[in-house]
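What's in start24.tsv: TSV, C-alpha atoms
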chain	number	residue	atom	x	y	z
A	1034	MET	CA	14.75	5.07	-2.82
A	1035	SER	CA	13.29	6.56	0.36
A	1036	VAL	CA	9.79	7.82	1.10
A	1037	MET	CA	9.31	11.36	-0.15
A	1038	ARG	CA	8.22	13.53	2.77
A	1039	GLU	CA	8.28	16.94	1.10
A	1040	PRO	CA	5.14	18.22	-0.64
A	1041	ASN	CA	5.07	16.72	-4.14
A	1042	ILE	CA	1.49	17.06	-5.41
A	1043	ASP	CA	0.55	19.71	-7.94
A	1044	ASP	CA	-2.39	21.64	-6.49
A	1045	PRO	CA	-2.64	19.73	-3.19
A	1046	ASP	CA	-5.81	21.61	-2.22
A	1047	GLY	CA	-7.42	20.58	-5.50
A	1048	PHE	CA	-6.46	16.95	-4.91
A	1049	TYR	CA	-7.82	17.10	-1.36
A	1050	GLN	CA	-11.12	18.41	-2.73
A	1051	GLU	CA	-11.23	15.60	-5.30
A	1052	LEU	CA	-10.59	13.09	-2.52
A	1053	LEU	CA	-13.40	14.53	-0.41
A	1054	THR	CA	-15.72	14.55	-3.42
A	1055	ALA	CA	-14.97	10.88	-4.08
A	1056	HIS	CA	-16.23	10.13	-0.56
A	1057	ASN	CA	-19.42	12.21	-0.81
A	1058	GLY	CA	-22.51	10.18	-0.03
A	1059	LEU	CA	-20.61	7.05	0.99
A	1060	SER	CA	-21.28	5.15	4.18
A	1061	LYS	CA	-18.38	4.71	6.61
A	1062	ALA	CA	-17.87	1.17	5.33
A	1063	ASP	CA	-17.90	2.26	1.68
A	1064	SER	CA	-15.56	5.17	2.47
A	1065	ASP	CA	-13.16	2.79	4.23
A	1066	ALA	CA	-13.33	0.43	1.24
A	1067	LEU	CA	-12.56	3.31	-1.16
A	1068	ASN	CA	-9.54	4.26	0.97
A	1069	ALA	CA	-8.32	0.65	0.97
A	1070	ARG	CA	-8.67	0.38	-2.81
A	1071	LEU	CA	-6.87	3.70	-3.29
A	1072	ILE	CA	-4.02	2.54	-1.04
A	1073	LEU	CA	-3.67	-0.67	-3.05
A	1074	VAL	CA	-3.73	1.18	-6.39
A	1075	LEU	CA	-1.05	3.61	-5.21
A	1076	ALA	CA	1.03	0.83	-3.62
A	1077	ASN	CA	0.93	-1.04	-6.91
A	1078	HIS	CA	1.99	2.13	-8.73
A	1079	ILE	CA	4.95	2.59	-6.36
A	1080	GLY	CA	5.84	-1.08	-6.63
A	1081	ASP	CA	9.06	-0.89	-4.59
A	1082	ARG	CA	8.62	-3.08	-1.49
A	1083	ALA	CA	11.34	-1.22	0.43
A	1084	VAL	CA	9.58	2.11	-0.16
A	1085	LEU	CA	6.22	0.59	0.78
A	1086	ARG	CA	7.74	-0.88	3.96
A	1087	ALA	CA	9.22	2.53	4.86
A	1088	ALA	CA	5.88	4.23	4.17
A	1089	LEU	CA	4.09	1.76	6.44
A	1090	ALA	CA	6.59	2.40	9.22
A	1091	LEU	CA	6.24	6.15	8.76
A	1092	ALA	CA	2.44	5.93	8.87
A	1093	GLN	CA	2.53	3.73	11.96
A	1094	SER	CA	4.73	6.22	13.80
A	1095	GLY	CA	1.85	8.68	13.94
A	1096	PRO	CA	1.16	12.21	12.74
A	1097	SER	CA	4.01	13.85	14.65
A	1098	GLU	CA	6.57	11.95	12.55
A	1099	THR	CA	5.10	12.70	9.11
Mind converting the file's structure to structure tokens?
Amino acid sequence: MSVMREPNIDDPDGFYQELLTAHNGLSKADSDALNARLILVLANHIGDRAVLRAALALAQSGPSET
């Protein structure tokens, strides 16, 4: 299985708003911690190490590659 790069979220604008709302009122440190926890929850949900490795490589390549 490869990393899905096409849009795949129902109501992406709604999700983005929920993500922003989750960060409301947080300090930079708390916001960073929330992001880290979210990454770990989603990584656990994905579960496939090859997909996670590919996602890491894609993220490291920078915004022009995503």
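Shortest atom-to-atom contact with Ser1064 of chain A among A:Leu1052, A:Ala1076, A:Gly1095, A:Asp1081: A:Leu1052, counting only C-alpha atoms.
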Could you state the separation of atom CA of Leu1053 of chain A and atom CA of Gly1080 of chain A in Å, given to one decimal place? 25.5 Å
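Ranking A:Leu1085, A:Val1036, A:Asp1043, A:Ala1090 by their shortest atom-to-atom distance to Leu1073 of chain A, with only C-alpha atoms included, puts A:Leu1085 first.
Take the candidates A:Ile1042, A:Met1037, A:Leu1067, A:Ile1072 and check each one against Ala1087 of chain A using all atoms listed in the file; the shortest distance goes to A:Met1037.
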How many Å lie between atom CA of Pro1040 of chain A and atom CA of Leu1059 of chain A, rounded to one decimal? 28.1 Å
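We find atom CA of Ala1088 of chain A and atom CA of Asp1065 of chain A to be spaced 19.1 Å apart.
Here the question is which of A:Leu1071, A:Asn1041, A:Val1084, A:Gln1093 gets nearest to Ala1055 of chain A using only C-alpha atoms, and that residue is A:Leu1071.
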With only C-alpha atoms as the basis for distance, which of A:Asp1063, A:Asn1057, A:Arg1038, A:Glu1051 is at the shortest distance from Ala1092 of chain A? A:Arg1038
